[in-house]
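This is my_file-v4.txt. It holds compact mmCIF, C-alpha atoms and all ligand atoms.
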# COMPACT_ATOMS: atom_id res chain seq x y z
CA MET A 113 11.55 22.40 -18.71
CA ASN A 114 9.41 19.30 -18.50
CA GLU A 115 11.07 16.13 -17.20
CA LEU A 116 8.93 14.18 -19.63
CA LEU A 117 10.70 15.98 -22.42
CA SER A 118 14.20 15.91 -20.96
CA ARG A 119 16.21 12.97 -19.66
CA ASN A 120 18.15 15.14 -17.23
CA GLY A 121 15.25 16.99 -15.68
CA PRO A 122 15.33 20.63 -14.63
CA THR A 123 18.41 22.36 -13.34
CA ARG A 124 18.57 24.08 -9.96
CA ARG A 125 17.83 27.35 -11.72
CA ASP A 126 14.81 25.77 -13.39
CA PHE A 127 13.73 24.49 -10.01
CA LEU A 128 13.60 27.98 -8.60
CA ARG A 129 11.92 29.33 -11.69
CA VAL A 130 9.39 26.59 -12.18
CA SER A 131 5.75 27.43 -11.73
CA ALA A 132 3.62 25.76 -9.10
CA GLY A 133 1.22 24.34 -11.68
CA THR A 134 0.80 20.74 -12.77
CA ALA A 135 2.70 18.97 -15.54
CA ALA A 136 1.46 19.71 -19.03
CA LEU A 137 -0.87 17.21 -20.58
CA VAL A 138 0.23 15.27 -23.60
CA PRO A 139 -1.77 14.04 -26.58
CA ILE A 140 -3.56 10.74 -26.60
CA THR A 141 -2.14 7.58 -28.16
CA VAL A 142 -2.82 3.88 -27.75
CA LEU A 143 -2.10 1.67 -24.77
CA SER A 144 0.08 -0.73 -26.73
CA GLU A 145 2.89 1.83 -26.39
CA TRP A 146 4.00 0.22 -23.11
CA THR A 147 6.71 -1.84 -24.62
CA ASP A 148 10.11 -0.30 -25.09
CA LYS A 149 11.08 -1.33 -28.58
CA GLY A 150 14.61 -0.10 -28.28
CA HIS A 151 13.96 3.23 -30.00
CA VAL A 152 11.35 4.56 -27.58
CA PRO A 153 12.86 6.90 -24.95
CA GLN A 154 12.22 5.76 -21.39
CA GLU A 155 9.90 8.64 -20.57
CA ASP A 156 7.37 7.64 -23.19
CA TRP A 157 5.95 4.85 -21.08
CA VAL A 158 5.35 7.33 -18.26
CA ARG A 159 3.66 9.72 -20.63
CA THR A 160 1.43 6.93 -21.90
CA ALA A 161 0.56 5.87 -18.37
CA ARG A 162 -0.26 9.41 -17.27
CA ARG A 163 -2.72 9.75 -20.09
CA GLN A 164 -4.58 6.78 -18.66
CA ILE A 165 -4.86 8.34 -15.19
CA PRO A 166 -7.41 11.19 -15.10
CA ALA A 167 -6.17 12.43 -11.73
CA THR A 168 -2.83 13.45 -13.24
CA SER A 169 -4.57 16.21 -15.18
CA GLU A 170 -6.41 17.50 -12.11
CA SER A 171 -3.50 18.00 -9.74
CA SER A 172 0.05 17.05 -8.87
CA TYR A 173 -1.10 13.98 -7.07
CA PHE A 174 1.18 12.98 -4.18
CA GLN A 175 -1.48 11.24 -2.12
CA THR A 176 -1.19 7.66 -3.39
CA GLY A 177 -0.27 6.81 0.22
CA GLY A 178 -3.84 7.81 1.13
CA ALA A 179 -5.70 6.60 -1.96
CA GLY A 180 -4.21 5.85 -5.35
CA PRO A 181 -5.80 7.25 -8.52
CA SER A 182 -7.16 4.55 -10.83
CA PRO A 183 -6.42 4.49 -14.54
CA LYS A 184 -9.37 4.58 -16.89
CA VAL A 185 -8.98 0.91 -17.83
CA VAL A 186 -9.83 0.09 -14.21
CA THR A 187 -12.88 2.30 -13.86
CA ASP A 188 -14.08 1.01 -17.26
CA VAL A 189 -13.91 -2.60 -16.09
CA VAL A 190 -15.76 -1.80 -12.88
CA THR A 191 -18.52 -0.03 -14.78
CA GLU A 192 -18.79 -2.76 -17.40
CA ARG A 193 -18.96 -5.55 -14.78
CA LEU A 194 -21.52 -3.66 -12.72
CA VAL A 195 -23.75 -3.16 -15.74
CA HIS A 196 -23.33 -6.80 -16.76
CA GLN A 197 -24.14 -8.04 -13.25
CA ASN A 198 -27.30 -6.02 -13.07
CA ARG A 199 -28.73 -7.56 -16.19
CA GLY A 200 -29.65 -10.38 -13.77
CA PRO A 201 -27.71 -10.46 -10.50
CA ALA A 202 -28.99 -13.90 -9.46
CA ASP A 203 -29.68 -15.14 -12.98
CA PRO A 204 -27.12 -17.89 -13.76
CA VAL A 205 -26.78 -16.53 -17.31
CA PHE A 206 -25.03 -13.50 -15.83
CA SER A 207 -23.98 -14.60 -12.34
CA ALA A 208 -21.90 -17.54 -13.59
CA GLU A 209 -19.45 -15.17 -15.23
CA MET A 210 -19.33 -12.96 -12.13
CA ALA A 211 -18.58 -16.01 -9.96
CA ASP A 212 -15.24 -16.39 -11.67
CA ILE A 213 -13.95 -12.98 -10.59
CA GLU A 214 -12.82 -13.85 -7.07
CA PRO A 215 -10.99 -17.14 -7.78
CA ARG A 216 -9.21 -15.52 -10.71
CA LEU A 217 -8.16 -12.54 -8.62
CA ARG A 218 -6.93 -14.69 -5.73
CA ALA A 219 -4.80 -16.73 -8.13
CA TYR A 220 -3.49 -13.63 -9.88
CA LEU A 221 -2.50 -11.90 -6.64
CA ALA A 222 -0.89 -15.13 -5.42
CA ASP A 223 1.21 -15.50 -8.56
CA THR A 224 2.13 -11.81 -8.67
CA PHE A 225 3.18 -11.43 -5.05
CA GLY A 226 4.71 -14.82 -4.26
CA VAL A 227 1.88 -16.30 -2.21
CA GLU A 228 0.61 -19.90 -2.29
CA ARG A 229 -2.60 -20.05 -4.30
CA THR A 230 -4.34 -21.15 -1.10
CA GLY A 231 -3.00 -18.16 0.82
CA VAL A 232 -5.05 -15.21 -0.43
CA ALA A 233 -8.20 -13.83 1.19
CA LEU A 234 -9.91 -10.95 -0.58
CA THR A 235 -10.86 -8.11 1.74
CA HIS A 236 -12.14 -4.58 1.42
CA SER A 237 -9.19 -2.82 3.03
CA THR A 238 -5.90 -3.26 4.81
CA SER A 239 -7.73 -2.59 8.06
CA GLU A 240 -9.96 -5.61 7.47
CA GLY A 241 -6.92 -7.86 6.97
CA ILE A 242 -5.29 -6.49 10.13
CA SER A 243 -8.42 -7.17 12.13
CA ILE A 244 -8.71 -10.74 10.77
CA ALA A 245 -5.16 -11.36 11.96
CA ALA A 246 -5.53 -9.52 15.27
CA TRP A 247 -8.71 -11.34 16.22
CA GLY A 248 -7.38 -14.67 14.93
CA VAL A 249 -5.64 -15.43 18.23
CA SER A 250 -7.49 -16.75 21.29
CA TRP A 251 -6.17 -13.99 23.53
CA LYS A 252 -5.87 -14.46 27.28
CA PRO A 253 -5.32 -11.73 29.88
CA GLY A 254 -1.63 -10.87 30.03
CA ASP A 255 -0.86 -12.07 26.49
CA GLU A 256 1.31 -9.58 24.63
CA VAL A 257 1.45 -8.03 21.18
CA VAL A 258 4.35 -5.97 19.83
CA ILE A 259 3.68 -2.95 17.61
CA SER A 260 5.74 0.17 16.85
CA ASN A 261 5.61 3.92 17.41
CA GLN A 262 5.00 4.48 13.66
CA GLU A 263 1.75 2.59 13.07
CA HIS A 264 -1.37 3.77 11.30
CA PRO A 265 -4.47 3.74 13.55
CA ALA A 266 -5.51 0.59 11.64
CA ASN A 267 -2.71 -1.25 13.43
CA VAL A 268 -3.35 0.40 16.80
CA ILE A 269 -7.11 0.50 17.37
CA PRO A 270 -7.63 -3.29 17.15
CA TRP A 271 -5.01 -3.75 19.86
CA TYR A 272 -6.65 -1.13 22.11
CA VAL A 273 -9.96 -2.94 21.70
CA LEU A 274 -8.37 -6.33 22.44
CA ARG A 275 -6.63 -4.79 25.46
CA ASP A 276 -9.92 -3.49 26.80
CA ARG A 277 -11.89 -6.67 26.05
CA PHE A 278 -9.38 -9.38 26.93
CA GLY A 279 -6.67 -7.68 28.97
CA ILE A 280 -3.83 -8.08 26.48
CA VAL A 281 -0.67 -6.02 26.91
CA ILE A 282 0.66 -3.82 24.09
CA ARG A 283 4.45 -3.52 23.85
CA GLY A 284 6.05 -0.88 21.65
CA ILE A 285 9.25 -0.66 19.66
CA ASP A 286 10.92 2.29 17.96
CA LEU A 287 10.56 2.35 14.17
CA ASP A 288 12.02 5.82 13.68
CA VAL A 289 14.43 6.19 10.78
CA GLY A 290 17.68 4.47 11.74
CA SER A 291 16.46 2.51 14.76
CA ASP A 292 17.58 -1.10 15.22
CA TRP A 293 14.00 -2.37 15.08
CA GLU A 294 14.86 -6.04 14.81
CA SER A 295 16.90 -6.01 18.04
CA GLU A 296 14.15 -4.02 19.69
CA VAL A 297 11.61 -6.71 18.81
CA ARG A 298 13.87 -9.46 20.14
CA ASP A 299 14.48 -7.50 23.35
CA VAL A 300 10.82 -6.86 24.04
CA LEU A 301 9.67 -10.46 23.50
CA SER A 302 8.49 -12.36 26.54
CA PRO A 303 7.01 -15.82 27.09
CA ARG A 304 3.61 -14.09 26.81
CA THR A 305 4.20 -12.57 23.34
CA ARG A 306 1.69 -14.02 20.87
CA MET A 307 2.05 -11.66 17.92
CA VAL A 308 4.31 -9.01 16.38
CA SER A 309 2.47 -6.61 14.06
CA LEU A 310 4.46 -3.90 12.26
CA SER A 311 4.17 -1.63 9.25
CA HIS A 312 6.11 -3.00 6.31
CA ILE A 313 6.37 0.62 5.16
CA SER A 314 5.54 3.31 7.67
CA ARG A 315 2.92 5.76 6.48
CA ASN A 316 4.54 8.36 8.78
CA ASN A 317 8.22 8.22 7.92
CA GLY A 318 8.32 6.00 4.81
CA ARG A 319 10.72 3.52 6.34
CA ARG A 320 10.68 0.13 4.65
CA LEU A 321 11.59 -2.96 6.64
CA ARG A 322 14.32 -4.84 4.83
CA SER A 323 13.27 -8.22 3.47
CA GLU A 324 16.25 -10.13 4.85
CA ALA A 325 15.62 -8.75 8.34
CA CYS A 326 11.94 -9.70 8.12
CA ALA A 327 12.76 -13.20 6.93
CA GLU A 328 15.27 -13.72 9.72
CA LEU A 329 12.90 -12.40 12.35
CA GLY A 330 9.99 -14.42 10.93
CA GLN A 331 11.96 -17.62 11.33
CA PHE A 332 12.95 -16.73 14.87
CA LEU A 333 9.38 -15.81 15.84
CA ARG A 334 7.99 -19.03 14.38
CA SER A 335 10.46 -21.01 16.50
CA ARG A 336 8.79 -19.32 19.50
CA SER A 337 5.24 -19.77 18.14
CA VAL A 338 4.80 -16.00 17.84
CA LEU A 339 2.77 -14.84 14.83
CA PHE A 340 4.41 -12.23 12.62
CA HIS A 341 2.04 -9.88 10.81
CA LEU A 342 3.01 -7.05 8.50
CA ASP A 343 0.76 -4.12 7.65
CA GLY A 344 1.40 -3.78 3.93
CA ALA A 345 -0.97 -0.95 3.08
CA GLN A 346 1.95 0.98 1.55
CA GLY A 347 3.71 -2.08 0.08
CA PRO A 348 2.53 -3.68 -3.19
CA GLY A 349 2.87 -1.34 -6.14
CA CYS A 350 5.38 0.78 -4.23
CA VAL A 351 8.23 -1.67 -3.58
CA PRO A 352 8.91 -5.23 -4.80
CA ILE A 353 6.89 -7.74 -2.79
CA ASN A 354 7.45 -11.45 -2.49
CA PHE A 355 5.44 -12.74 0.43
CA ARG A 356 7.34 -16.03 0.53
CA THR A 357 10.78 -14.42 0.84
CA LEU A 358 9.51 -11.70 3.19
CA GLY A 359 8.99 -14.53 5.68
CA CYS A 360 6.10 -13.16 7.74
CA ASP A 361 3.06 -15.31 8.60
CA CYS A 362 0.45 -12.91 7.28
CA TYR A 363 0.42 -9.66 5.32
CA SER A 364 -2.48 -7.22 5.03
CA THR A 365 -2.72 -4.93 2.06
CA CYS A 366 -5.14 -3.09 -0.20
CA GLY A 367 -5.88 -2.53 -3.85
CA HIS A 368 -6.67 1.14 -3.45
CA LYS A 369 -3.31 2.78 -2.79
CA TRP A 370 -0.14 1.94 -4.76
CA LEU A 371 -1.93 -0.70 -6.83
CA MET A 372 -4.32 2.02 -8.04
CA GLY A 373 -7.38 -0.19 -7.88
CA PRO A 374 -10.98 0.52 -6.84
CA LYS A 375 -11.45 2.00 -3.38
CA GLY A 376 -12.64 -0.63 -0.94
CA THR A 377 -10.54 -3.55 -2.18
CA GLY A 378 -7.85 -5.43 -0.31
CA ALA A 379 -6.19 -8.74 0.40
CA LEU A 380 -4.76 -10.70 3.27
CA PHE A 381 -1.89 -13.09 2.50
CA VAL A 382 -1.49 -16.02 4.89
CA ARG A 383 1.11 -18.77 5.06
CA GLU A 384 -0.57 -22.10 4.49
CA ASP A 385 0.79 -23.57 7.74
CA GLN A 386 -0.76 -20.69 9.72
CA LEU A 387 -4.31 -21.03 8.43
CA ASP A 388 -5.41 -22.95 11.49
CA ASN A 389 -3.48 -20.70 13.88
CA ILE A 390 -5.18 -17.56 12.60
CA GLN A 391 -8.65 -18.59 13.57
CA LEU A 392 -11.93 -17.25 12.26
CA SER A 393 -13.65 -14.61 14.33
CA TRP A 394 -16.23 -13.68 11.76
CA ALA A 395 -17.61 -16.29 9.43
CA GLY A 396 -20.66 -16.93 7.32
CA SER A 397 -21.93 -18.18 4.05
CA HIS A 398 -18.95 -18.99 1.79
CA SER A 399 -16.46 -19.52 4.65
CA HIS A 400 -17.44 -23.19 4.67
CA ALA A 401 -16.57 -26.10 2.42
CA ALA A 402 -19.45 -28.19 3.80
CA MET A 403 -22.15 -27.86 6.46
CA ASP A 404 -25.42 -29.30 7.65
CA TYR A 405 -28.12 -28.01 9.93
CA ASP A 406 -27.27 -30.51 12.69
CA GLY A 407 -24.16 -28.67 13.80
CA SER A 408 -21.41 -29.88 11.46
CA TYR A 409 -19.28 -27.80 9.18
CA SER A 410 -15.84 -27.71 7.66
CA LEU A 411 -13.99 -24.60 6.55
CA ILE A 412 -12.63 -23.94 3.08
CA PRO A 413 -9.04 -25.29 3.16
CA SER A 414 -7.59 -21.96 2.03
CA ALA A 415 -7.47 -18.33 3.12
CA ALA A 416 -10.78 -17.80 1.29
CA ARG A 417 -12.30 -19.06 4.55
CA TYR A 418 -11.88 -15.52 5.94
CA GLU A 419 -14.35 -14.20 3.35
CA PHE A 420 -18.09 -14.42 3.65
CA GLY A 421 -21.34 -12.94 2.42
CA THR A 422 -22.24 -11.11 -0.79
CA ARG A 423 -19.36 -9.03 -2.09
CA ALA A 424 -18.51 -6.22 -4.47
CA LEU A 425 -17.49 -8.37 -7.45
CA ALA A 426 -17.25 -5.51 -9.96
CA ASP A 427 -14.71 -3.81 -7.70
CA PHE A 428 -12.69 -7.00 -7.43
CA ALA A 429 -12.69 -7.25 -11.24
CA GLY A 430 -11.29 -3.71 -11.25
CA PHE A 431 -8.68 -4.72 -8.66
CA GLN A 432 -7.48 -7.47 -11.00
CA ARG A 433 -7.36 -5.06 -13.95
CA ALA A 434 -5.29 -2.60 -11.92
CA VAL A 435 -2.69 -5.23 -11.08
CA GLU A 436 -2.68 -6.50 -14.66
CA TRP A 437 -2.18 -2.95 -15.88
CA MET A 438 0.87 -2.54 -13.67
CA THR A 439 2.18 -5.92 -14.79
CA GLU A 440 1.81 -4.75 -18.40
CA ILE A 441 3.79 -1.61 -17.62
CA GLY A 442 6.44 -3.72 -15.87
CA TRP A 443 7.11 -4.04 -12.15
CA ASP A 444 10.86 -3.46 -12.39
CA ARG A 445 10.29 -0.33 -14.39
CA ILE A 446 7.73 0.96 -11.89
CA HIS A 447 9.88 0.23 -8.84
CA GLN A 448 13.01 1.68 -10.40
CA ARG A 449 11.19 4.84 -11.42
CA ILE A 450 9.84 5.32 -7.87
CA GLN A 451 13.37 4.85 -6.48
CA ASP A 452 14.77 7.33 -9.00
CA LEU A 453 12.12 9.96 -8.32
CA VAL A 454 12.56 9.65 -4.57
CA GLY A 455 16.33 9.89 -5.03
CA TYR A 456 15.71 13.07 -7.01
CA ALA A 457 13.41 14.47 -4.31
CA ILE A 458 16.10 13.78 -1.70
CA GLU A 459 18.74 15.55 -3.79
CA ARG A 460 16.51 18.57 -4.33
CA THR A 461 15.52 18.77 -0.69
CA ASN A 462 19.17 18.59 0.34
CA GLU A 463 19.80 21.67 -1.79
CA SER A 464 17.24 23.65 0.16
CA SER A 465 18.33 25.73 3.12
CA GLN A 466 14.91 25.38 4.75
CA LEU A 467 13.66 21.87 4.09
CA HIS A 468 15.00 18.56 5.32
CA VAL A 469 14.38 14.94 4.43
CA GLY A 470 12.36 13.12 7.12
CA SER A 471 12.22 9.71 5.42
CA PRO A 472 15.13 7.28 4.95
CA LYS A 473 17.74 8.23 2.36
CA SER A 474 19.29 4.85 1.60
CA GLU A 475 17.78 2.83 -1.24
CA GLU A 476 17.36 -0.24 0.99
CA ASP A 477 15.30 1.61 3.57
CA ARG A 478 13.35 4.08 1.53
CA SER A 479 10.08 3.72 -0.37
CA GLY A 480 7.76 5.94 -2.39
CA VAL A 481 6.64 7.51 0.89
CA PHE A 482 8.83 10.61 0.91
CA VAL A 483 8.66 12.95 3.88
CA VAL A 484 9.74 16.61 3.92
CA ARG A 485 10.60 18.09 7.29
CA LEU A 486 9.47 21.71 7.40
CA PRO A 487 11.38 24.48 9.18
CA ALA A 488 10.48 25.16 12.83
CA GLY A 489 7.28 27.14 13.15
CA CYS A 490 5.90 26.05 9.78
CA ASP A 491 2.59 24.25 10.25
CA ALA A 492 2.30 21.15 8.04
CA ASN A 493 -1.51 21.24 8.16
CA LYS A 494 -1.58 24.81 6.89
CA VAL A 495 0.96 24.08 4.15
CA TYR A 496 -1.05 21.01 3.15
CA GLU A 497 -4.20 23.13 2.81
CA GLN A 498 -2.41 25.90 0.94
CA LEU A 499 -0.88 23.48 -1.56
CA GLY A 500 -4.16 21.72 -2.18
CA VAL A 501 -6.30 24.79 -2.79
CA GLY A 502 -4.19 27.05 -4.99
CA PRO A 503 -1.51 25.19 -6.90
CA ARG A 504 -3.42 21.88 -6.63
CA ILE A 505 -0.56 19.91 -5.17
CA VAL A 506 -2.11 17.10 -3.17
CA THR A 507 0.03 15.96 -0.22
CA SER A 508 -0.61 14.81 3.34
CA PRO A 509 0.45 15.84 6.83
CA VAL A 510 1.58 12.88 8.93
CA ARG A 511 1.91 12.15 12.60
CA GLN A 512 5.18 13.94 13.33
CA GLU A 513 4.52 17.65 13.68
CA GLY A 514 6.17 19.60 10.87
CA ASP A 515 6.38 16.61 8.52
CA LEU A 516 4.64 16.65 5.16
CA ARG A 517 4.31 13.49 3.07
CA LEU A 518 4.69 13.29 -0.67
CA ALA A 519 3.74 9.80 -1.80
CA ILE A 520 5.73 9.56 -5.02
CA HIS A 521 4.43 7.02 -7.53
CA PHE A 522 5.85 6.20 -10.94
CA PHE A 523 3.40 8.53 -12.68
CA ASN A 524 4.71 11.58 -10.84
CA THR A 525 7.36 13.67 -12.56
CA LYS A 526 10.48 15.55 -11.61
CA GLN A 527 8.72 18.75 -12.58
CA GLU A 528 5.92 18.01 -10.12
CA ILE A 529 8.49 17.32 -7.41
CA ASP A 530 10.26 20.59 -8.17
CA SER A 531 7.00 22.53 -8.09
CA ALA A 532 5.96 20.91 -4.83
CA LEU A 533 9.26 21.58 -3.05
CA HIS A 534 9.43 25.11 -4.37
CA THR A 535 5.87 25.85 -3.28
CA ILE A 536 6.43 24.29 0.14
CA GLU A 537 9.56 26.39 0.58
CA ARG A 538 7.65 29.54 -0.31
CA ALA A 539 4.73 28.62 1.93
CA CYS A 540 7.10 28.34 4.88
C1 LIG A 601 0.33 1.77 7.04
C2 LIG A 601 -1.16 1.81 6.86
N1 LIG A 601 -1.91 0.84 7.38
C3 LIG A 601 -3.25 0.80 7.23
C4 LIG A 601 -3.90 1.78 6.54
C5 LIG A 601 -5.37 1.69 6.36
O1 LIG A 601 -5.60 1.26 5.07
P1 LIG A 601 -7.06 0.85 4.56
O2 LIG A 601 -7.77 2.10 4.26
O3 LIG A 601 -6.78 0.02 3.35
O4 LIG A 601 -7.70 0.08 5.63
C6 LIG A 601 -3.16 2.82 5.97
C7 LIG A 601 -3.86 3.90 5.23
O5 LIG A 601 -3.33 4.93 4.94
C8 LIG A 601 -1.77 2.83 6.13
O6 LIG A 601 -1.02 3.80 5.61

Using the file provided, produce a representation of the structure as structure tokens.
Ligand SMILES: Cc1ncc(COP(=O)(O)O)c(C=O)c1O
Amino acid sequence: MNELLSRNGPTRRDFLRVSAGTAALVPITVLSEWTDKGHVPQEDWVRTARRQIPATSESSYFQTGGAGPSPKVVTDVVTERLVHQNRGPADPVFSAEMADIEPRLRAYLADTFGVERTGVALTHSTSEGISIAAWGVSWKPGDEVVISNQEHPANVIPWYVLRDRFGIVIRGIDLDVGSDWESEVRDVLSPRTRMVSLSHISRNNGRRLRSEACAELGQFLRSRSVLFHLDGAQGPGCVPINFRTLGCDCYSTCGHKWLMGPKGTGALFVREDQLDNIQLSWAGSHSHAAMDYDGSYSLIPSAARYEFGTRALADFAGFQRAVEWMTEIGWDRIHQRIQDLVGYAIERTNESSQLHVGSPKSEEDRSGVFVVRLPAGCDANKVYEQLGVGPRIVTSPVRQEGDLRLAIHFFNTKQEIDSALHTIERAC
């Protein structure tokens, strides 16, 4: 039974019977079908969205946590803008239109994610945003940064480099499921702490930091002049994001995972009152508001100061289209669907005698990053390979041995979840 055809989804018996293939494709209709007009069953909007995402007909795609598949409207915009640009890249007839892309995108991201319009820098990845923040402090030997045991290398390597170049000290806290991370941060702070940098959602165990806890901690850290940075690679598009209420000083994210934009797009959100505290390490043409050749310059009075040089404007146009597309679908609908699907995956995993849930179970702490804990002796790397080659179920091993990640986005289906869990069970 196909979840897209049934409100209740498959039964346990169906689950065991279901084939390991991908969800059936559905016929093409027009994009204007987004809106529920009262008589349209809820699943129709998912069906319409799936038709727009070519990857959904190639595999059961559970790797949005690595790279999100773009809908066709996004790749179309990128292609169209690239072709337009190359009719005369430095010809004002064509370049004037291209010049509008970045300011429009900054404003759109700001309005969508609760950032001041002056607080958005466009980057090419989450990693770039993290590095802007990490290198924004004038580090002295013995200064301290706090990170966790659940970080992506993007939020580890910069600190190793800063340790080796400037003698900073890296302190760690425990961000395992259920840990009291906020108390741990408070306990590890010292007069030398300059920054706290944590995953908003862990790519390893899917744990989401609660907004209220972040806001409280942010206020406390600001009172001690400690910068608070969140790595939001797995955030926007996956869970509701309001930068203002989250209360951190800066937030790095990307367009190419849960926002389903072009690969190589990102953004750094910065509180306006921290612009001068997160100093520029790299700068160049376009970072400045004014300059002369006698040694004077002033920086752009916004986070756009962190950008410089010639940039991939067609990709940024695609980034905007991706976020618009999700806005058209409806953020509440997307977030609720992710919650529901993850709730379903938890239920199904709990029914298994072999598999366990490795990510948080409570709605407040969980995200679309769902982790299955495999039975002892079952190699997650091997299962990952097996799933990818035969049944075309695309997942990811993560740091904890025996854990396999299913990044569950709104376009996934209950049938895909059933097939994945069933195939994992059999593989083990
Ligand atoms: C938590 C986290 N941070 C950072 C990154 C790196 O992201 P990017 O490729 O956008 O630099 C990832 C990528 O998977 C991630 O999961």

Environment of ligand LIG 601 (chain A) within 7 Å, counting all atoms listed in the file, reported as a PDB file with C-alpha atoms, in the frame of the given file:
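That gives us pocket17.pdb:
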ATOM      1  CA  GLY A 177      -0.270   6.810   0.220  1.00  0.00           C
ATOM      2  CA  GLY A 178      -3.840   7.810   1.130  1.00  0.00           C
ATOM      3  CA  SER A 237      -9.190  -2.820   3.030  1.00  0.00           C
ATOM      4  CA  THR A 238      -5.900  -3.260   4.810  1.00  0.00           C
ATOM      5  CA  SER A 239      -7.730  -2.590   8.060  1.00  0.00           C
ATOM      6  CA  GLU A 240      -9.960  -5.610   7.470  1.00  0.00           C
ATOM      7  CA  GLU A 263       1.750   2.590  13.070  1.00  0.00           C
ATOM      8  CA  HIS A 264      -1.370   3.770  11.300  1.00  0.00           C
ATOM      9  CA  ALA A 266      -5.510   0.590  11.640  1.00  0.00           C
ATOM     10  CA  ASN A 267      -2.710  -1.250  13.430  1.00  0.00           C
ATOM     11  CA  SER A 311       4.170  -1.630   9.250  1.00  0.00           C
ATOM     12  CA  ILE A 313       6.370   0.620   5.160  1.00  0.00           C
ATOM     13  CA  SER A 314       5.540   3.310   7.670  1.00  0.00           C
ATOM     14  CA  ARG A 315       2.920   5.760   6.480  1.00  0.00           C
ATOM     15  CA  ASP A 343       0.760  -4.120   7.650  1.00  0.00           C
ATOM     16  CA  GLY A 344       1.400  -3.780   3.930  1.00  0.00           C
ATOM     17  CA  ALA A 345      -0.970  -0.950   3.080  1.00  0.00           C
ATOM     18  CA  GLN A 346       1.950   0.980   1.550  1.00  0.00           C
ATOM     19  CA  THR A 365      -2.720  -4.930   2.060  1.00  0.00           C
ATOM     20  CA  CYS A 366      -5.140  -3.090  -0.200  1.00  0.00           C
ATOM     21  CA  HIS A 368      -6.670   1.140  -3.450  1.00  0.00           C
ATOM     22  CA  GLY A 378      -7.850  -5.430  -0.310  1.00  0.00           C
TER      23      GLY A 378
END

Review point. Do you know which residues are at most 10 Å from A:Glu294 counting all atoms listed in the file, after dropping those on the same chain fewer than 2 positions away, and could you put them as a VMD selection string?
Key: chain A and resid 285 to 287 291 to 292 296 to 299 321 325 to 326 328 to 329

Review point. What is the distance between atom CA of A:Arg277 and atom CA of A:Cys362, in Å to one decimal?
Key: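 Atom-to-atom, atom CA of A:Arg277 to atom CA of A:Cys362, that is 23.3 Å.
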
**Study point:** Nearest residue to A:Gly480 from the set A:Ala434, A:Ala246, A:Leu518, A:Val195 (distances using only C-alpha atoms)
**Key:** A:Leu518

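Our summary of the geometry notes that atom CA of A:Arg478 is positioned 19.7 Å from atom CA of A:Phe225.
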
Find the residues of stretch 430-458 of chain A that sit at most 10 Å from stretch 521-525 of chain A; for each, write down the nearest two atoms and how far apart they are in Å, to one decimal. Count only C-alpha atoms. Sort by chain, then by number going up, and give it as a Markdown table.
| residue | atom | partner | partner_atom | distance |
| --- | --- | --- | --- | --- |
| A:Arg445 | CA | A:Phe522 | CA | 8.6 |
| A:Ile446 | CA | A:Phe522 | CA | 5.6 |
| A:His447 | CA | A:Phe522 | CA | 7.5 |
| A:Gln448 | CA | A:Phe522 | CA | 8.5 |
| A:Arg449 | CA | A:Phe522 | CA | 5.5 |
| A:Ile450 | CA | A:Phe522 | CA | 5.1 |
| A:Gln451 | CA | A:Phe522 | CA | 8.8 |
| A:Asp452 | CA | A:Phe522 | CA | 9.2 |
| A:Leu453 | CA | A:Thr525 | CA | 7.4 |
| A:Val454 | CA | A:His521 | CA | 9.0 |

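Atom CA of A:Pro183 is found 8.2 Å from atom CA of A:Gly373.
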
I'd like the neighbourhood of A:Ser479 as a compact mmCIF listing (two decimals) with C-alpha atoms, keeping the file's coordinate frame, where a residue qualifies if any of its atoms comes within 7 Å (using all atoms listed in the file), though same-chain residues fewer than 5 positions away should be ignored.
# COMPACT_ATOMS: atom_id res chain seq x y z
CA GLY A 318 8.32 6.00 4.81
CA ARG A 319 10.72 3.52 6.34
CA ARG A 320 10.68 0.13 4.65
CA CYS A 350 5.38 0.78 -4.23
CA VAL A 351 8.23 -1.67 -3.58

Point to revise | Residue contacts of A:Val268 (12 Å, only C-alpha atoms) excluding same-chain residues fewer than 4 positions away, as JSON, numbers by chain | key: {"A": [239, 242, 243, 246, 257, 258, 259, 260, 261, 262, 263, 264, 272, 273, 274, 275, 282, 283, 284, 309, 310, 311, 343]}

Practice item. Counting all atoms listed in the file, note down every residue that has an atom within 8 Å of the point (-0.5, 17.1, -2.6) (file coordinates), as a PyMOL selection string. Key: chain A and resi 171-175+496+499-500+504-508+518+532

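With only C-alpha atoms as the basis for measurement, A:Val484 is the residue among A:Val158, A:Ala222, A:Val484, A:Val501 that approaches A:Ile529 most closely.
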
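In this comparison, which uses all atoms listed in the file, the residue of A:Ile353, A:Ala211, A:Val281, A:Ile269 approaching A:Gly226 most closely is A:Ile353.
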
Check your understanding: For A:Thr422, which of A:Pro181, A:Pro215, A:Pro201, A:Pro352 is the closest residue, counting all atoms listed in the file?
Key ->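 Answer, going by the shortest atom-to-atom distance: A:Pro201.
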
Practice item. Can you work out which one of A:Pro374, A:Asn389, A:Ala219, A:Gly430 has the shortest atom-to-atom distance to A:Glu192, counting only C-alpha atoms? Key: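 Using only C-alpha atoms, A:Glu192 sits closest to A:Gly430.
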
Check your understanding: Pick from A:Leu221, A:Asp427, A:Asp255, A:Ile441: nearest to A:Arg159, with all atoms listed in the file counted?
Key ->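 Residue with the minimum atom-to-atom distance to A:Arg159: A:Ile441.
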
Point to revise | Non-local contacts of stretch 401-416 of chain A (6 Å; all atoms listed in the file; under 6 positions in same chain excluded) as a list in words | key: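 Answer for this query is Thr230, Gly231, Val232 and Ala233 of chain A.
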